[in-house]
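The file target-v9.txt comes next; it holds compact mmCIF, C-alpha atoms.
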```
# COMPACT_ATOMS: atom_id res chain seq x y z
CA MET A 1 21.70 37.16 21.64
CA ASN A 2 25.03 35.51 21.10
CA ARG A 3 25.91 33.62 17.96
CA ARG A 4 25.49 30.15 19.55
CA SER A 5 21.95 30.99 20.75
CA ALA A 6 21.05 32.35 17.34
CA LEU A 7 22.29 29.18 15.65
CA ARG A 8 20.33 26.98 18.09
CA SER A 9 17.17 28.99 17.44
CA ALA A 10 17.65 28.78 13.68
CA GLY A 11 18.33 25.04 13.92
CA ALA A 12 15.18 24.48 15.97
CA PHE A 13 13.14 26.48 13.45
CA LEU A 14 14.56 24.50 10.52
CA ALA A 15 13.94 21.19 12.28
CA ILE A 16 10.34 22.02 13.20
CA GLY A 17 9.34 24.13 10.18
CA PRO A 18 9.00 21.31 7.66
CA LEU A 19 6.73 19.36 10.02
CA ALA A 20 3.87 21.81 9.83
CA GLY A 21 1.15 20.20 7.73
CA CYS A 22 3.44 17.37 6.73
CA THR A 23 2.11 13.84 6.68
CA ASP A 24 5.22 12.17 5.28
CA ASP A 25 6.88 9.72 7.66
CA GLY A 26 10.31 10.09 6.08
CA THR A 27 9.94 7.03 3.86
CA GLY A 28 7.88 8.66 1.11
CA ILE A 29 4.93 6.33 1.64
CA ALA A 30 2.58 8.52 3.67
CA THR A 31 -0.74 9.32 2.00
CA ASP A 32 -3.86 11.13 3.19
CA GLY A 33 -7.42 9.86 3.25
CA ASP A 34 -10.71 11.64 3.80
CA ASP A 35 -13.65 10.13 5.68
CA GLY A 36 -15.78 13.12 4.65
CA THR A 37 -15.58 12.34 0.94
CA PRO A 38 -16.68 8.78 0.11
CA LEU A 39 -15.33 7.27 -3.09
CA ASP A 40 -17.85 6.87 -5.91
CA ILE A 41 -16.05 4.67 -8.42
CA ALA A 42 -16.04 1.02 -9.50
CA PRO A 43 -13.84 -1.20 -7.29
CA GLU A 44 -11.88 -2.36 -10.36
CA GLN A 45 -10.71 1.21 -10.90
CA LEU A 46 -9.19 1.29 -7.40
CA LEU A 47 -6.85 -1.67 -7.94
CA LEU A 48 -3.11 -1.20 -8.36
CA SER A 49 -2.56 -0.08 -11.94
CA ARG A 50 0.17 -1.30 -14.25
CA GLU A 51 1.46 2.27 -14.54
CA ARG A 52 1.92 2.60 -10.77
CA LEU A 53 3.57 -0.82 -10.67
CA ASP A 54 5.96 0.10 -13.50
CA ASP A 55 6.82 3.40 -11.80
CA THR A 56 7.56 1.73 -8.46
CA VAL A 57 9.30 -1.51 -9.41
CA ARG A 58 10.10 -1.91 -13.11
CA GLU A 59 8.31 -2.44 -16.40
CA GLY A 60 7.11 -5.73 -17.83
CA TRP A 61 4.14 -7.30 -16.03
CA SER A 62 1.28 -9.61 -16.96
CA THR A 63 -1.95 -10.25 -15.10
CA ALA A 64 -2.72 -13.54 -13.39
CA ASP A 65 -5.62 -14.98 -11.42
CA PRO A 66 -5.35 -14.01 -7.71
CA ASP A 67 -7.75 -16.75 -6.51
CA GLY A 68 -5.21 -18.49 -4.28
CA VAL A 69 -4.29 -15.35 -2.32
CA SER A 70 -6.11 -15.36 1.02
CA LEU A 71 -5.67 -11.62 1.62
CA VAL A 72 -8.02 -10.77 -1.28
CA ARG A 73 -10.19 -13.90 -1.36
CA ASP A 74 -13.50 -12.09 -0.73
CA ALA A 75 -12.58 -8.74 -2.32
CA HIS A 76 -15.06 -6.96 -4.58
CA ALA A 77 -12.22 -6.65 -7.13
CA ALA A 78 -8.73 -8.13 -7.20
CA ASN A 79 -5.78 -8.41 -9.54
CA GLN A 80 -2.37 -10.02 -9.52
CA TRP A 81 0.70 -8.93 -11.43
CA VAL A 82 3.39 -11.47 -12.33
CA PRO A 83 6.85 -10.47 -13.56
CA PHE A 84 6.54 -11.46 -17.20
CA ASP A 85 7.49 -9.02 -19.92
CA GLU A 86 5.25 -9.97 -22.86
CA GLU A 87 7.22 -7.85 -25.33
CA ALA A 88 10.55 -9.45 -24.42
CA GLY A 89 8.98 -12.85 -23.69
CA THR A 90 10.96 -13.20 -20.45
CA PHE A 91 10.35 -13.49 -16.73
CA HIS A 92 12.12 -11.17 -14.31
CA GLN A 93 11.37 -13.17 -11.20
CA GLU A 94 13.56 -10.98 -9.01
CA SER A 95 10.72 -8.44 -9.15
CA GLY A 96 8.30 -10.65 -7.19
CA THR A 97 4.52 -10.96 -7.46
CA VAL A 98 2.06 -8.22 -6.54
CA THR A 99 -1.59 -8.79 -5.60
CA SER A 100 -4.11 -6.06 -4.82
CA GLY A 101 -7.73 -6.11 -3.73
CA VAL A 102 -10.52 -3.63 -2.99
CA TRP A 103 -13.74 -3.70 -0.97
CA LEU A 104 -16.13 -0.82 -1.63
CA PHE A 105 -19.01 -0.08 0.75
CA GLU A 106 -21.96 2.29 0.47
CA GLU A 107 -21.17 3.89 3.84
CA VAL A 108 -17.99 4.94 5.61
CA GLY A 109 -19.19 3.27 8.82
CA ARG A 110 -19.44 -0.12 7.12
CA ALA A 111 -15.90 0.21 5.75
CA ARG A 112 -14.63 1.25 9.19
CA THR A 113 -16.31 -1.83 10.73
CA ALA A 114 -14.84 -4.12 8.06
CA PHE A 115 -11.36 -2.71 8.74
CA ASP A 116 -11.80 -3.07 12.50
CA GLU A 117 -13.01 -6.66 12.15
CA SER A 118 -10.34 -7.74 9.69
CA PRO A 119 -8.54 -10.94 10.73
CA TYR A 120 -5.28 -9.12 9.96
CA ARG A 121 -6.06 -6.58 12.68
CA ASP A 122 -5.11 -8.78 15.65
CA GLY A 123 -2.57 -11.48 16.21
CA TRP A 124 -0.57 -11.11 13.01
CA GLY A 125 2.13 -8.78 14.31
CA TYR A 126 1.30 -6.00 11.89
CA GLU A 127 1.72 -2.37 12.83
CA GLU A 128 -0.02 0.84 11.86
CA ARG A 129 1.19 2.44 8.63
CA PRO A 130 0.83 6.04 7.35
CA ILE A 131 -1.36 5.17 4.36
CA ALA A 132 -4.90 6.52 3.87
CA VAL A 133 -7.15 7.24 6.89
CA GLU A 134 -5.96 4.11 8.68
CA SER A 135 -3.81 1.18 7.73
CA LEU A 136 -1.81 -1.70 9.09
CA GLY A 137 0.67 -4.08 7.63
CA GLY A 138 4.03 -5.72 7.78
CA ILE A 139 5.96 -8.94 7.53
CA THR A 140 5.50 -11.50 10.29
CA ASP A 141 8.84 -13.27 9.72
CA ASP A 142 11.79 -13.21 7.33
CA GLN A 143 10.09 -15.62 4.90
CA SER A 144 6.69 -13.88 4.79
CA ASP A 145 5.19 -11.59 2.20
CA LEU A 146 4.51 -7.94 2.93
CA ARG A 147 0.78 -7.44 3.51
CA VAL A 148 -0.97 -4.09 3.88
CA LEU A 149 -4.62 -3.31 4.55
CA PHE A 150 -5.75 0.32 4.36
CA ARG A 151 -9.01 2.25 4.57
CA ASP A 152 -10.02 5.54 3.01
CA ALA A 153 -13.62 6.63 3.61
CA ASN A 154 -15.89 3.84 2.29
CA ALA A 155 -13.17 1.71 0.67
CA LEU A 156 -10.65 -0.84 1.87
CA GLY A 157 -7.55 -1.66 -0.10
CA ALA A 158 -5.16 -4.55 0.33
CA LEU A 159 -1.78 -5.26 -1.18
CA GLN A 160 0.50 -8.27 -0.93
CA TYR A 161 4.08 -8.21 -2.21
CA GLU A 162 5.75 -11.61 -2.49
CA ASN A 163 9.41 -11.75 -3.41
CA PRO A 164 11.72 -14.48 -2.08
CA HIS A 165 14.64 -12.97 -4.06
CA VAL A 166 15.04 -10.01 -1.71
CA GLY A 167 15.36 -9.62 2.05
CA ALA A 168 12.51 -8.74 4.39
CA SER A 169 13.54 -5.08 4.58
CA ASP A 170 13.41 -4.65 0.79
CA ARG A 171 10.14 -6.58 0.61
CA GLU A 172 8.65 -4.28 3.21
CA SER A 173 9.83 -1.01 1.67
CA THR A 174 8.79 -2.00 -1.87
CA GLY A 175 5.42 -3.37 -0.76
CA LEU A 176 4.60 -0.26 1.26
CA ALA A 177 5.60 1.95 -1.67
CA LEU A 178 3.25 -0.06 -3.91
CA ALA A 179 0.37 0.23 -1.42
CA ALA A 180 0.92 4.00 -1.17
CA ALA A 181 1.03 4.25 -4.98
CA MET A 182 -2.24 2.32 -5.21
CA HIS A 183 -3.89 4.65 -2.70
CA ARG A 184 -2.62 7.81 -4.42
CA ASP A 185 -4.69 6.87 -7.47
CA TRP A 186 -7.83 6.79 -5.31
CA ARG A 187 -7.62 10.51 -4.65
CA GLY A 188 -5.89 11.52 -7.88
CA ASP A 189 -2.59 12.38 -6.20
```

Show how you would write the structure in this file as structure tokens.
Amino acid sequence: MNRRSALRSAGAFLAIGPLAGCTDDGTGIATDGDDGTPLDIAPEQLLLSRERLDDTVREGWSTADPDGVSLVRDAHAANQWVPFDEEAGTFHQESGTVTSGVWLFEEVGRARTAFDESPYRDGWGYEERPIAVESLGGITDDQSDLRVLFRDANALGALQYENPHVGASDRESTGLALAAAMHRDWRGD
């Protein structure tokens, strides 16, 4: 085997090797779900936590009422984080607003049906995302919020990231990172 062939073989091995068993899509947002292990926890405990929010964006958030957010209107539990640092007494509006919601079902089949029948499934221009067992989300135009809906076993999660201070690309990457962070707490990752 000549040196060039050996280098090509080594390069192919290095390029393919890390893919074995890997679920990461290169963006750091990929998470795994498990239809065989239903979640047995209160829906409120599945919402995006302040700790995950602080780790992903920045510290200094207060809770608000998410009633006006259509994505989580009928959720079993929902929360909204607004960029207000209570200790400093200041807003950091450039961080945006984050809303999360959870639907918890007794059976995996019911959660799968709810995901399949979601109004965000068709006609919104969202694409599949590598979060949980199945997910979809995106931004429909430059002015829209990032919305993500994901399912893991018997639970559905939703996250909306609204931030007019950043471009669509930053809104999308930050929102997807927040949705993945929310899901990681479901399985203790």

Where does range 48-82 of chain A meet range 88-105 of chain A within 9 Å, residue by residue, with the nearest atom pair and distance in Å to one decimal for each, counting all atoms listed in the file, listed by chain and rising number, as CSV?
```
residue,atom,partner,partner_atom,distance
A:Leu48,CA,A:Ser100,CA,6.1
A:Leu53,CA,A:Val98,CA,8.6
A:Val57,CA,A:Ser95,CA,7.1
A:Arg58,CA,A:Ser95,CA,7.7
A:Gly60,CA,A:His92,CA,8.2
A:Trp61,CA,A:Phe91,CA,8.8
A:Pro66,CA,A:Thr99,CA,6.8
A:Val69,CA,A:Thr99,CA,7.8
A:Leu71,CA,A:Gly101,CA,8.0
A:Val72,CA,A:Gly101,CA,5.3
A:Arg73,CA,A:Gly101,CA,8.5
A:Asp74,CA,A:Trp103,CA,8.4
A:Ala75,CA,A:Trp103,CA,5.3
A:His76,CA,A:Trp103,CA,5.0
A:Ala77,CA,A:Val102,CA,5.4
A:Ala78,CA,A:Gly101,CA,4.1
A:Asn79,CA,A:Ser100,CA,5.5
A:Gln80,CA,A:Thr99,CA,4.2
A:Trp81,CA,A:Val98,CA,5.1
A:Val82,CA,A:Thr97,CA,5.0
```

Check your understanding: Given the choices A:Glu87, A:Glu106, A:Asp54, A:Asp65, which gets closest to Ala42 in chain A if the distance is worked out from all atoms listed in the file?
Key ->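 Smallest distance to Ala42 in chain A is found for A:Glu106.
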
Axis-aligned box for all listed atoms of range 167-181 of chain A, 8 Å per side, centre and edges in Å to one decimal, as AutoDock Vina command-line options:
```
--center_x 7.9 --center_y -2.7 --center_z -0.2 --size_x 31.0 --size_y 29.9 --size_z 25.6
```

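Across the structure, CA of Asp85 in chain A and CA of Ala181 in chain A are spaced 21.0 Å apart.
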
Review point. Which one is closest to Ile29 in chain A: A:Leu146, A:Val108, A:Ala132, A:Leu46? Count all atoms listed in the file.
Key: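 Distance minimum relative to Ile29 in chain A lands on A:Ala132.
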
Practice item. Go ahead and compute the interatomic distance for CA of Gly33 in chain A and CA of Asp67 in chain A, in Å to one decimal. Key: 28.3 Å
